$ cat protein18.cif   # mmCIF, C-alpha atoms and all ligand atoms
data_run
#
loop_
_atom_site.label_atom_id
_atom_site.label_comp_id
_atom_site.auth_asym_id
_atom_site.auth_seq_id
_atom_site.Cartn_x
_atom_site.Cartn_y
_atom_site.Cartn_z
CA MET U 1 69.11 -59.73 183.91
CA PRO U 2 66.51 -56.91 183.77
CA ARG U 3 66.53 -55.17 180.40
CA ASN U 4 66.19 -51.50 179.55
CA TRP U 5 62.78 -50.49 178.14
CA LYS U 6 64.47 -49.59 174.85
CA THR U 7 65.72 -53.13 174.47
CA LYS U 8 62.23 -54.38 175.38
CA LEU U 9 60.87 -52.47 172.38
CA ILE U 10 62.82 -54.91 170.22
CA HIS U 11 62.92 -58.02 172.44
CA SER U 12 59.67 -58.16 174.42
CA ASP U 13 58.27 -60.89 176.65
CA ALA U 14 54.72 -59.54 176.25
CA HIS U 15 52.54 -61.49 173.83
CA ALA U 16 48.93 -61.66 172.69
CA PRO U 17 47.01 -64.76 173.77
CA GLU U 18 47.37 -67.73 171.43
CA GLY U 19 44.63 -69.69 169.68
CA PHE U 20 43.14 -67.13 167.28
CA LYS U 21 41.39 -68.91 164.44
CA SER U 22 40.02 -66.78 161.65
CA LEU U 23 38.61 -67.30 158.20
CA ALA U 24 40.99 -64.61 156.94
CA PRO U 25 44.50 -65.85 156.16
CA ALA U 26 47.31 -64.19 158.14
CA THR U 27 49.53 -61.75 156.26
CA TYR U 28 53.14 -62.72 156.84
CA ARG U 29 55.45 -59.83 156.05
CA GLY U 30 59.19 -60.15 156.40
CA SER U 31 62.57 -59.75 154.83
CA THR U 32 64.72 -61.40 157.54
CA VAL U 33 63.96 -65.03 158.25
CA LEU U 34 65.47 -66.44 161.46
CA PHE U 35 67.76 -69.48 161.44
CA PRO U 36 68.24 -71.78 164.43
CA SER U 37 72.05 -71.74 164.26
CA ALA U 38 75.05 -70.23 162.48
CA ALA U 39 75.51 -73.38 160.44
CA ALA U 40 71.88 -73.35 159.27
CA VAL U 41 72.23 -69.99 157.47
CA GLN U 42 71.82 -70.29 153.71
CA ASP U 43 70.52 -68.23 150.80
CA THR U 44 68.70 -70.88 148.80
CA TRP U 45 65.63 -69.68 146.88
CA ASP U 46 63.84 -73.03 146.81
CA GLN U 47 61.88 -72.85 150.04
CA HIS U 48 59.99 -76.02 149.21
CA ALA U 49 63.33 -77.82 149.39
CA VAL U 50 65.06 -76.12 152.34
CA GLY U 51 62.41 -74.19 154.28
CA TYR U 52 62.19 -70.42 154.59
CA THR U 53 65.44 -68.50 154.11
CA TYR U 54 64.66 -64.96 152.98
CA GLY U 55 61.56 -62.82 152.38
CA LEU U 56 62.45 -62.23 148.74
CA TYR U 57 61.59 -65.84 147.93
CA GLY U 58 58.18 -65.61 149.56
CA THR U 59 56.59 -65.63 152.99
CA PRO U 60 53.87 -68.17 153.87
CA THR U 61 51.34 -65.69 152.44
CA THR U 62 53.10 -65.45 149.07
CA LEU U 63 53.67 -69.19 148.89
CA GLU U 64 50.06 -69.92 149.85
CA LEU U 65 48.86 -67.77 146.95
CA ALA U 66 51.37 -69.52 144.68
CA ALA U 67 50.11 -72.93 145.78
CA ARG U 68 46.48 -71.92 145.26
CA ILE U 69 47.12 -70.64 141.71
CA CYS U 70 49.12 -73.77 140.94
CA GLU U 71 46.25 -75.96 142.14
CA LEU U 72 43.75 -74.09 139.93
CA GLU U 73 46.01 -74.30 136.88
CA ASN U 74 46.96 -77.95 137.46
CA GLY U 75 50.64 -77.05 137.37
CA TYR U 76 53.77 -78.27 139.16
CA ARG U 77 54.73 -75.04 140.94
CA THR U 78 53.87 -71.34 140.74
CA PHE U 79 55.87 -68.16 141.34
CA ILE U 80 54.29 -64.85 142.33
CA THR U 81 55.69 -61.66 140.80
CA PRO U 82 55.04 -57.95 141.47
CA GLY U 83 52.79 -57.70 138.38
CA GLY U 84 51.83 -59.43 135.15
CA GLN U 85 54.46 -57.60 133.14
CA ALA U 86 57.12 -58.69 135.67
CA ALA U 87 56.02 -62.29 135.09
CA ILE U 88 56.47 -61.78 131.33
CA SER U 89 59.99 -60.38 131.63
CA LEU U 90 60.97 -63.02 134.19
CA VAL U 91 59.96 -65.86 131.85
CA ASN U 92 62.03 -64.32 129.08
CA PHE U 93 65.09 -63.76 131.25
CA ALA U 94 64.82 -67.28 132.65
CA PHE U 95 64.77 -69.12 129.34
CA LEU U 96 66.52 -66.99 126.72
CA LYS U 97 70.14 -66.30 125.84
CA ALA U 98 71.84 -64.38 123.05
CA GLY U 99 71.42 -66.16 119.72
CA ASP U 100 68.03 -67.73 120.56
CA GLN U 101 64.94 -67.02 118.48
CA ILE U 102 61.70 -66.08 120.24
CA LEU U 103 58.31 -66.08 118.51
CA VAL U 104 55.67 -63.59 119.60
CA PRO U 105 52.11 -63.28 118.22
CA GLU U 106 51.12 -59.89 116.77
CA SER U 107 48.14 -59.99 119.14
CA ILE U 108 50.23 -60.16 122.31
CA TYR U 109 49.74 -57.65 125.15
CA TYR U 110 51.63 -54.62 123.82
CA PRO U 111 54.25 -54.24 126.62
CA ASN U 112 55.09 -57.93 126.13
CA ARG U 113 55.75 -57.17 122.46
CA LYS U 114 57.80 -54.11 123.39
CA PHE U 115 59.88 -56.14 125.85
CA SER U 116 60.91 -58.41 122.99
CA ALA U 117 61.39 -55.67 120.43
CA GLU U 118 63.26 -53.27 122.70
CA VAL U 119 64.95 -55.30 125.47
CA LEU U 120 65.51 -58.84 124.17
CA VAL U 121 66.82 -57.53 120.87
CA ARG U 122 69.45 -55.52 122.80
CA PHE U 123 70.57 -58.77 124.44
CA GLY U 124 71.05 -60.49 121.08
CA VAL U 125 67.79 -62.46 120.95
CA GLU U 126 66.23 -62.83 117.50
CA VAL U 127 62.58 -61.76 117.72
CA THR U 128 60.03 -62.91 115.14
CA PHE U 129 56.41 -61.83 115.22
CA TYR U 130 53.75 -64.18 113.85
CA GLN U 131 50.05 -63.97 113.07
CA PRO U 132 48.03 -65.41 115.97
CA THR U 133 45.88 -67.48 113.59
CA ILE U 134 48.94 -69.32 112.21
CA GLY U 135 48.23 -72.68 113.90
CA ALA U 136 50.45 -75.59 112.81
CA ASP U 137 52.04 -73.35 110.16
CA ILE U 138 54.07 -71.85 112.99
CA ALA U 139 56.69 -74.38 111.85
CA THR U 140 57.28 -72.19 108.76
CA VAL U 141 58.72 -69.39 110.93
CA PHE U 142 60.92 -71.62 113.08
CA HIS U 143 64.65 -71.22 112.70
CA LYS U 144 67.41 -73.55 113.92
CA ASN U 145 67.69 -71.46 117.08
CA THR U 146 63.97 -71.30 118.03
CA ARG U 147 63.77 -71.52 121.79
CA LEU U 148 60.48 -70.07 122.99
CA VAL U 149 57.03 -69.48 121.50
CA TRP U 150 54.77 -66.97 123.25
CA CYS U 151 51.00 -67.34 122.93
CA GLU U 152 48.13 -65.28 124.23
CA SER U 153 44.65 -66.65 123.64
CA PRO U 154 42.48 -64.80 123.01
CA GLY U 155 44.87 -62.07 121.92
CA SER U 156 44.83 -58.58 123.38
CA ILE U 157 42.20 -56.28 121.83
CA SER U 158 41.74 -58.22 118.54
CA MET U 159 40.76 -61.38 120.50
CA GLU U 160 42.01 -64.13 118.12
CA VAL U 161 41.74 -67.54 119.78
CA GLN U 162 44.87 -69.54 119.02
CA ASP U 163 45.19 -73.22 118.08
CA ILE U 164 47.41 -73.89 121.08
CA PRO U 165 47.64 -77.70 120.72
CA ALA U 166 48.85 -77.33 117.10
CA ILE U 167 51.40 -74.68 118.03
CA ALA U 168 52.60 -76.73 121.01
CA ALA U 169 52.96 -79.90 118.93
CA ALA U 170 55.07 -78.07 116.32
CA ALA U 171 57.20 -76.34 118.97
CA HIS U 172 57.87 -79.53 120.90
CA LYS U 173 59.05 -81.28 117.73
CA ILE U 174 62.00 -78.89 117.60
CA GLY U 175 62.54 -78.71 121.37
CA ALA U 176 61.11 -75.19 121.85
CA ILE U 177 58.93 -74.32 124.82
CA VAL U 178 55.46 -72.76 124.69
CA VAL U 179 54.54 -69.98 127.12
CA LEU U 180 50.94 -68.80 127.40
CA ASP U 181 49.57 -65.55 128.79
CA ASN U 182 46.46 -67.15 130.32
CA THR U 183 45.10 -63.99 131.95
CA TRP U 184 41.83 -63.77 129.97
CA SER U 185 40.75 -67.22 131.10
CA ALA U 186 41.75 -66.42 134.71
CA GLY U 187 43.63 -69.72 134.59
CA ILE U 188 40.19 -71.33 134.81
CA CYS U 189 38.43 -71.49 131.42
CA PHE U 190 41.44 -72.84 129.55
CA ASP U 191 43.44 -75.77 130.94
CA ALA U 192 46.78 -74.75 129.48
CA PHE U 193 48.86 -77.74 130.55
CA ALA U 194 46.30 -80.20 129.17
CA HIS U 195 46.65 -78.43 125.80
CA GLY U 196 50.44 -78.70 125.58
CA VAL U 197 51.61 -75.43 127.16
CA ASP U 198 54.87 -75.62 129.15
CA VAL U 199 54.70 -72.40 131.17
CA THR U 200 51.75 -70.10 131.89
CA MET U 201 51.65 -66.61 133.23
CA GLN U 202 48.75 -64.54 134.47
CA ALA U 203 48.28 -60.97 135.51
CA LEU U 204 46.64 -61.71 138.88
CA THR U 205 45.95 -57.99 138.77
CA LYS U 206 42.93 -58.92 136.65
CA TYR U 207 40.39 -61.63 137.57
CA VAL U 208 42.10 -63.09 140.63
CA GLY U 209 42.30 -59.64 142.21
CA GLY U 210 39.03 -58.60 140.69
CA HIS U 211 38.77 -55.19 142.35
CA SER U 212 41.37 -53.08 140.48
CA ASP U 213 43.33 -52.35 143.65
CA PHE U 214 46.71 -54.09 143.29
CA LEU U 215 49.18 -55.50 140.78
CA LEU U 216 50.52 -59.06 140.91
CA GLY U 217 51.54 -61.73 138.45
CA SER U 218 52.07 -65.47 138.43
CA ILE U 219 54.16 -67.95 136.50
CA THR U 220 53.17 -71.61 136.63
CA VAL U 221 55.36 -74.41 135.32
CA ARG U 222 54.64 -78.01 134.43
CA ASP U 223 57.95 -79.56 135.51
CA ASP U 224 60.93 -79.29 137.79
CA ALA U 225 63.37 -78.19 135.06
CA ALA U 226 61.29 -75.06 134.39
CA TYR U 227 60.81 -74.58 138.15
CA GLN U 228 64.59 -74.47 138.67
CA ARG U 229 65.16 -71.99 135.83
CA ILE U 230 62.43 -69.59 136.87
CA GLY U 231 63.30 -69.86 140.55
CA SER U 232 66.90 -68.94 139.93
CA ALA U 233 65.99 -66.00 137.68
CA HIS U 234 63.36 -64.87 140.20
CA GLN U 235 66.05 -64.72 142.88
CA LEU U 236 68.62 -62.95 140.73
CA LEU U 237 66.18 -60.38 139.34
CA GLY U 238 64.74 -59.84 142.81
CA PHE U 239 61.07 -59.97 141.85
CA ALA U 240 59.61 -59.98 145.38
CA ALA U 241 55.84 -59.58 145.63
CA SER U 242 54.14 -57.75 148.48
CA PRO U 243 52.52 -60.15 151.01
CA ASP U 244 49.80 -57.52 151.58
CA ASP U 245 48.86 -57.71 147.92
CA CYS U 246 48.97 -61.50 148.11
CA THR U 247 46.43 -61.35 150.94
CA LEU U 248 44.14 -59.33 148.69
CA ALA U 249 44.62 -61.89 145.92
CA LEU U 250 43.77 -64.72 148.32
CA ARG U 251 40.60 -62.85 149.24
CA GLY U 252 39.84 -62.33 145.54
CA LEU U 253 40.08 -66.09 144.95
CA LYS U 254 37.19 -66.72 147.35
CA THR U 255 34.74 -64.86 145.11
CA LEU U 256 36.32 -65.72 141.75
CA ALA U 257 33.73 -68.36 140.82
CA VAL U 258 30.70 -66.15 141.41
CA ARG U 259 32.32 -63.12 139.79
CA LEU U 260 33.30 -65.12 136.71
CA ALA U 261 29.82 -66.65 136.39
CA ALA U 262 28.10 -63.24 136.59
CA ILE U 263 30.62 -61.57 134.29
CA GLU U 264 30.44 -64.36 131.69
CA LYS U 265 26.64 -64.12 131.57
CA SER U 266 26.58 -60.33 131.23
CA ALA U 267 29.40 -60.17 128.68
CA LEU U 268 27.80 -62.82 126.48
CA ALA U 269 24.40 -61.14 126.60
CA LEU U 270 25.85 -57.74 125.76
CA ALA U 271 28.07 -59.16 122.99
CA GLN U 272 25.03 -60.86 121.43
CA TRP U 273 22.99 -57.68 121.69
CA LEU U 274 25.79 -55.56 120.20
CA ALA U 275 26.00 -58.00 117.27
CA THR U 276 22.41 -57.01 116.36
CA ARG U 277 23.21 -53.28 116.26
CA THR U 278 23.56 -51.69 112.84
CA GLU U 279 26.40 -49.44 114.04
CA ILE U 280 28.59 -52.47 114.75
CA GLU U 281 30.36 -54.37 111.97
CA LEU U 282 31.93 -57.06 114.12
CA VAL U 283 31.80 -58.34 117.68
CA LEU U 284 35.07 -59.97 118.70
CA HIS U 285 33.91 -62.20 121.54
CA PRO U 286 35.48 -65.70 121.49
CA ALA U 287 32.11 -67.37 122.13
CA LEU U 288 30.61 -65.80 118.97
CA PRO U 289 31.30 -67.22 115.49
CA SER U 290 32.37 -63.72 114.35
CA CYS U 291 35.57 -64.00 116.44
CA PRO U 292 38.65 -65.39 114.66
CA GLY U 293 39.49 -68.78 116.16
CA HIS U 294 35.95 -69.31 117.53
CA GLU U 295 36.28 -73.00 116.55
CA PHE U 296 39.27 -73.37 118.90
CA PHE U 297 37.34 -71.61 121.64
CA LYS U 298 34.52 -74.13 121.26
CA ARG U 299 36.97 -77.04 121.21
CA ASP U 300 39.33 -75.99 124.02
CA PHE U 301 37.66 -73.58 126.47
CA THR U 302 35.18 -74.39 129.21
CA GLY U 303 33.76 -70.86 129.42
CA SER U 304 34.36 -67.21 128.66
CA THR U 305 35.10 -64.11 130.69
CA GLY U 306 34.23 -60.44 130.40
CA VAL U 307 36.57 -58.77 127.91
CA PHE U 308 35.68 -58.46 124.24
CA SER U 309 35.91 -55.91 121.46
CA ILE U 310 33.54 -54.29 119.01
CA VAL U 311 34.40 -52.91 115.59
CA PHE U 312 32.30 -50.05 114.27
CA GLN U 313 31.04 -49.92 110.67
CA LYS U 314 33.52 -48.42 108.20
CA HIS U 315 31.83 -45.03 107.90
CA PHE U 316 32.40 -44.12 111.55
CA THR U 317 35.14 -41.56 112.07
CA LYS U 318 37.68 -41.65 114.86
CA GLU U 319 35.89 -38.70 116.47
CA GLN U 320 32.61 -40.62 116.47
CA VAL U 321 34.22 -43.70 118.02
CA HIS U 322 35.81 -41.52 120.70
CA ALA U 323 32.47 -39.79 121.27
CA PHE U 324 30.87 -43.22 121.81
CA VAL U 325 33.43 -43.99 124.53
CA ASN U 326 33.23 -40.52 126.07
CA ASN U 327 29.43 -40.52 126.20
CA LEU U 328 29.26 -43.75 128.18
CA ASP U 329 28.33 -43.18 131.76
CA LEU U 330 28.67 -46.51 133.62
CA PHE U 331 31.58 -47.67 131.45
CA LYS U 332 34.68 -45.83 132.64
CA ILE U 333 37.78 -45.21 130.53
CA GLY U 334 40.93 -46.94 131.74
CA TYR U 335 43.35 -49.86 131.54
CA SER U 336 43.49 -52.99 133.63
CA TRP U 337 40.33 -54.89 133.04
CA ALA U 338 38.62 -57.68 135.02
CA GLY U 339 37.52 -55.57 137.96
CA VAL U 340 33.92 -55.01 139.04
CA THR U 341 33.60 -51.78 137.03
CA SER U 342 32.82 -51.86 133.32
CA LEU U 343 35.42 -50.16 131.13
CA ALA U 344 35.75 -49.04 127.51
CA VAL U 345 38.96 -48.17 125.67
CA ALA U 346 39.23 -47.12 122.01
CA TYR U 347 42.29 -48.35 120.10
CA ASP U 348 43.78 -47.37 116.77
CA PHE U 349 45.38 -50.06 114.62
CA ASP U 350 46.22 -47.63 111.79
CA SER U 351 49.87 -47.55 112.85
CA ARG U 352 49.94 -51.36 113.24
CA PRO U 353 50.04 -52.83 109.71
CA ASP U 354 50.35 -56.38 111.06
CA ARG U 355 47.14 -56.20 113.04
CA PRO U 356 43.70 -56.69 111.47
CA ALA U 357 42.41 -53.75 109.41
CA TYR U 358 40.07 -52.38 112.08
CA GLY U 359 41.78 -48.99 112.00
CA HIS U 360 40.37 -46.54 114.55
CA ARG U 361 37.05 -48.41 114.75
CA ILE U 362 37.88 -50.89 117.50
CA VAL U 363 36.79 -50.48 121.12
CA ARG U 364 37.56 -52.98 123.87
CA LEU U 365 34.95 -53.46 126.57
CA ASN U 366 35.44 -54.92 130.02
CA ILE U 367 32.17 -56.03 131.55
CA GLY U 368 31.92 -55.63 135.30
CA LEU U 369 29.29 -56.51 137.85
CA GLU U 370 26.73 -53.77 137.18
CA ASP U 371 23.18 -54.77 136.22
CA ILE U 372 23.03 -56.04 132.60
CA ALA U 373 20.01 -53.91 131.67
CA ASP U 374 21.72 -50.77 132.95
CA LEU U 375 24.89 -51.57 130.98
CA GLN U 376 22.85 -52.19 127.82
CA SER U 377 20.97 -48.90 128.27
CA ASP U 378 24.28 -47.12 128.70
CA LEU U 379 25.69 -48.62 125.48
CA GLU U 380 22.42 -47.87 123.67
CA GLN U 381 22.23 -44.20 124.67
CA SER U 382 25.83 -43.71 123.57
CA LEU U 383 25.33 -45.50 120.25
CA GLN U 384 22.28 -43.35 119.59
CA LYS U 385 24.28 -40.17 120.09
CA ILE U 386 26.73 -40.98 117.31
CA ARG U 387 24.23 -42.19 114.69
C1 LIG N 401 46.92 -59.89 128.72
C2 LIG N 401 47.73 -59.15 129.73
N1 LIG N 401 48.86 -59.68 130.17
C3 LIG N 401 49.64 -59.04 131.06
C4 LIG N 401 49.30 -57.82 131.56
C5 LIG N 401 50.22 -57.12 132.51
O1 LIG N 401 49.76 -57.19 133.80
P1 LIG N 401 50.10 -56.08 134.90
O2 LIG N 401 49.27 -54.88 134.58
O3 LIG N 401 49.75 -56.74 136.18
O4 LIG N 401 51.58 -55.81 134.80
C6 LIG N 401 48.11 -57.21 131.13
C7 LIG N 401 47.72 -55.88 131.65
O5 LIG N 401 46.85 -55.22 131.15
C8 LIG N 401 47.31 -57.88 130.18
O6 LIG N 401 46.19 -57.33 129.69
#

$ encode --input "protein18.cif" --output "structure tokens" --more "lines below"
Ligand SMILES: Cc1ncc(COP(=O)(O)O)c(C=O)c1O
Amino acid sequence: MPRNWKTKLIHSDAHAPEGFKSLAPATYRGSTVLFPSAAAVQDTWDQHAVGYTYGLYGTPTTLELAARICELENGYRTFITPGGQAAISLVNFAFLKAGDQILVPESIYYPNRKFSAEVLVRFGVEVTFYQPTIGADIATVFHKNTRLVWCESPGSISMEVQDIPAIAAAAHKIGAIVVLDNTWSAGICFDAFAHGVDVTMQALTKYVGGHSDFLLGSITVRDDAAYQRIGSAHQLLGFAASPDDCTLALRGLKTLAVRLAAIEKSALALAQWLATRTEIELVLHPALPSCPGHEFFKRDFTGSTGVFSIVFQKHFTKEQVHAFVNNLDLFKIGYSWAGVTSLAVAYDFDSRPDRPAYGHRIVRLNIGLEDIADLQSDLEQSLQKIR
């Protein structure tokens, strides 16, 4: 029966020719997924088990990104979330219940800390913060109800490298799980599962994306039990990720190796040069002996990336440290590191008694893909201005 043109707008017989083969992966968008029959309709999140059922659980684009991250991290399965912070909250919601104790290092990404201190506490979870350098002594802060130990290595801003195998061994003795924010290593320079971690998360926003133009996160698990828990919580919290952003992340993966190699080289060279400057008391780069936990970096990591911190000598005022950041030209001021543009952010630990005593003198640098000599000149001209 001939159909009205308005119906044809929705149900058309016109199609593009088939057979297009491209190097660029297709972007599959979609909420509705079609079923072959009434009886086949189901709302199961595990699309590896039952096939595609609903866009919330991932389109082929989302699941391809998940599979690629999982392959790089040597995991069992990966979930993609709308951002790194979403991955953090999803892990917590998946594993914790009222009455459990969670352990969080003082060096954790600040919104992760706040999620524990402000949200989990409201849901009756006992939150204990620990020093990131604690190692096997983590057992001294375990309670009977310890369920989950967060790690981030190196830690945000203060860059302590953690003794993950020691923490994991202690946690596993009491049946607790270890979750690692593995964003700094891009899931590449630290093989989390080989070092005893049970669940990893990454802000794909950072190195996987690499161009500061989207937000995504990932959670990778080592076994099916964790896969089931996270999958169910992912469905119920509705953490759908945009397939368009996943396409950008898939593109980012193609250049990850060359970006990481260039960034590692520049960051190391600049960290070593900054360590020679009289204005700087301390360079907190995991590959330098001046960084707490450097011995664990040497033992456990296969390389470094581009974020590190510098601590100015004690006589520098907050105004001088801010002037150093403001006078930089190539280094821009802003959050979300790991893109191609170098960044500098000044922090103030004065209100954080549990963090190292760097006060207002700590500045975190993100090294991008600019020429090393130009970045060094930029740092030098700015250091000279505050002498
Ligand atoms: C270590 C770390 N984890 C997680 C996140 C959160 O990622 P997103 O910005 O994608 O939510 C960030 C963001 O800066 C981070 O630095």

$ closest_residue --input "protein18.cif" --among "U:Pro132, U:Gly368, U:Gly359, U:Gly306" --to "Lys332 of chain U" --atoms "all atoms listed in the file"
U:Gly368

$ closest_atom_pairs --input "protein18.cif" --of "segment 66-132 of chain U" --to "segment 197-200 of chain U" --cutoff "9 Å" --atoms "only C-alpha atoms" --output "CSV"
residue,atom,partner,partner_atom,distance
U:Glu73,CA,U:Thr200,CA,8.7
U:Gly75,CA,U:Val199,CA,8.7
U:Val91,CA,U:Val199,CA,8.4

$ closest_residue --input "protein18.cif" --among "U:Leu215, U:Cys246, U:Leu256, U:Leu328" --to "ligand LIG 401 (chain N)" --atoms "all atoms listed in the file"
U:Leu215

$ closest_atom_pairs --input "protein18.cif" --of "chain U" --to "ligand LIG 401 (chain N)" --cutoff "7 Å" --atoms "all atoms listed in the file" --output "CSV"
residue,atom,partner,partner_atom,distance
U:Gly83,CA,N:LIG401,O3,3.9
U:Gly84,CA,N:LIG401,O1,3.3
U:Gln85,CA,N:LIG401,O4,3.8
U:Ala86,CA,N:LIG401,O4,6.3
U:Tyr109,CA,N:LIG401,C1,5.1
U:Ser156,CA,N:LIG401,C1,5.9
U:Asp181,CA,N:LIG401,N1,6.1
U:Thr183,CA,N:LIG401,C1,5.5
U:Trp184,CA,N:LIG401,C1,6.5
U:Gln202,CA,N:LIG401,N1,6.5
U:Ala203,CA,N:LIG401,O1,4.4
U:Leu204,CA,N:LIG401,O3,6.5
U:Thr205,CA,N:LIG401,O3,4.8
U:Leu215,CA,N:LIG401,O3,4.8
U:Leu216,CA,N:LIG401,O3,5.3
U:Gly217,CA,N:LIG401,O3,5.8
U:Tyr335,CA,N:LIG401,O5,6.4
U:Ser336,CA,N:LIG401,O5,4.7
U:Trp337,CA,N:LIG401,O5,6.8

$ atom_distance --input "protein18.cif" --atom1 "atom CA of Gln376 of chain U" --atom2 "atom CA of Leu268 of chain U"
11.8 Å

$ atom_distance --input "protein18.cif" --atom1 "atom CA of Val345 of chain U" --atom2 "atom CA of Thr276 of chain U"
20.9 Å

$ residues_around --input "protein18.cif" --residues "segment 224-230 of chain U" --least-positions-apart "2" --cutoff "9 Å" --atoms "all atoms listed in the file" --output "MDAnalysis selection string"
chainID U and resid 46 76:79 90:91 93:95 198:199 219:222 232:235

$ closest_residue --input "protein18.cif" --among "U:Ile108, U:Val340, U:Ile362, U:Ala40" --to "Thr255 of chain U" --atoms "all atoms listed in the file"
U:Val340

$ closest_residue --input "protein18.cif" --among "U:Ala26, U:Ala344, U:Ala240, U:Ala176" --to "Tyr54 of chain U" --atoms "all atoms listed in the file"
U:Ala240

$ closest_residue --input "protein18.cif" --among "U:Thr27, U:Gln384, U:Ser377, U:Gln320" --to "Leu63 of chain U" --atoms "only C-alpha atoms"
U:Thr27

$ atom_distance --input "protein18.cif" --atom1 "atom CA of Ser37 of chain U" --atom2 "atom CA of Ala66 of chain U"
28.6 Å

$ axis_aligned_box --input "protein18.cif" --around "segment 316-319 of chain U" --padding-each-side "6 Å" --output "AutoDock Vina command-line options"
--center_x 35.0 --center_y -41.4 --center_z 114.0 --size_x 17.3 --size_y 17.4 --size_z 16.9

$ residues_near_point --input "protein18.cif" --point "(36.2, -74.2, 120.4)" --cutoff "12 Å" --atoms "only C-alpha atoms" --output "number ranges by chain"
U: 153-154, 160-165, 189-190, 286-289, 291-304

$ closest_residue --input "protein18.cif" --among "U:Asp378, U:Ile188, U:Asp350, U:Leu236" --to "Thr305 of chain U" --atoms "all atoms listed in the file"
U:Ile188

$ decode --input "protein18.cif" --residues "segment 250-262 of chain U" --atoms "N, CA, C and O atoms" --output "compact mmCIF listing (two decimals), in the first residue's frame"
# COMPACT_ATOMS: atom_id res chain seq x y z
N LEU U 250 37.80 7.01 21.44
CA LEU U 250 38.40 5.99 20.56
C LEU U 250 39.46 6.63 19.65
O LEU U 250 40.51 6.05 19.39
N ARG U 251 39.18 7.84 19.20
CA ARG U 251 40.17 8.55 18.39
C ARG U 251 41.40 8.88 19.23
O ARG U 251 42.54 8.72 18.79
N GLY U 252 41.15 9.33 20.48
CA GLY U 252 42.26 9.65 21.37
C GLY U 252 43.18 8.46 21.59
O GLY U 252 44.39 8.60 21.68
N LEU U 253 42.59 7.27 21.67
CA LEU U 253 43.41 6.06 21.92
C LEU U 253 44.46 5.87 20.82
O LEU U 253 45.56 5.40 21.09
N LYS U 254 44.10 6.24 19.59
CA LYS U 254 45.03 5.99 18.47
C LYS U 254 46.35 6.74 18.64
O LYS U 254 47.39 6.28 18.18
N THR U 255 46.30 7.89 19.29
CA THR U 255 47.54 8.68 19.44
C THR U 255 48.08 8.63 20.87
O THR U 255 49.02 9.36 21.21
N LEU U 256 47.48 7.80 21.71
CA LEU U 256 47.88 7.79 23.13
C LEU U 256 49.37 7.46 23.30
O LEU U 256 50.07 8.11 24.08
N ALA U 257 49.87 6.48 22.56
CA ALA U 257 51.27 6.07 22.75
C ALA U 257 52.23 7.21 22.42
O ALA U 257 53.16 7.49 23.19
N VAL U 258 52.00 7.88 21.30
CA VAL U 258 52.96 8.95 20.93
C VAL U 258 52.79 10.16 21.85
O VAL U 258 53.78 10.82 22.21
N ARG U 259 51.56 10.44 22.25
CA ARG U 259 51.38 11.58 23.18
C ARG U 259 52.07 11.28 24.51
O ARG U 259 52.77 12.12 25.07
N LEU U 260 51.84 10.05 25.02
CA LEU U 260 52.45 9.72 26.32
C LEU U 260 53.98 9.77 26.25
O LEU U 260 54.63 10.26 27.17
N ALA U 261 54.55 9.27 25.14
CA ALA U 261 56.01 9.26 25.03
C ALA U 261 56.55 10.69 25.03
O ALA U 261 57.53 11.00 25.72
N ALA U 262 55.91 11.57 24.27
CA ALA U 262 56.40 12.96 24.19
C ALA U 262 56.20 13.67 25.53
O ALA U 262 57.09 14.40 26.00
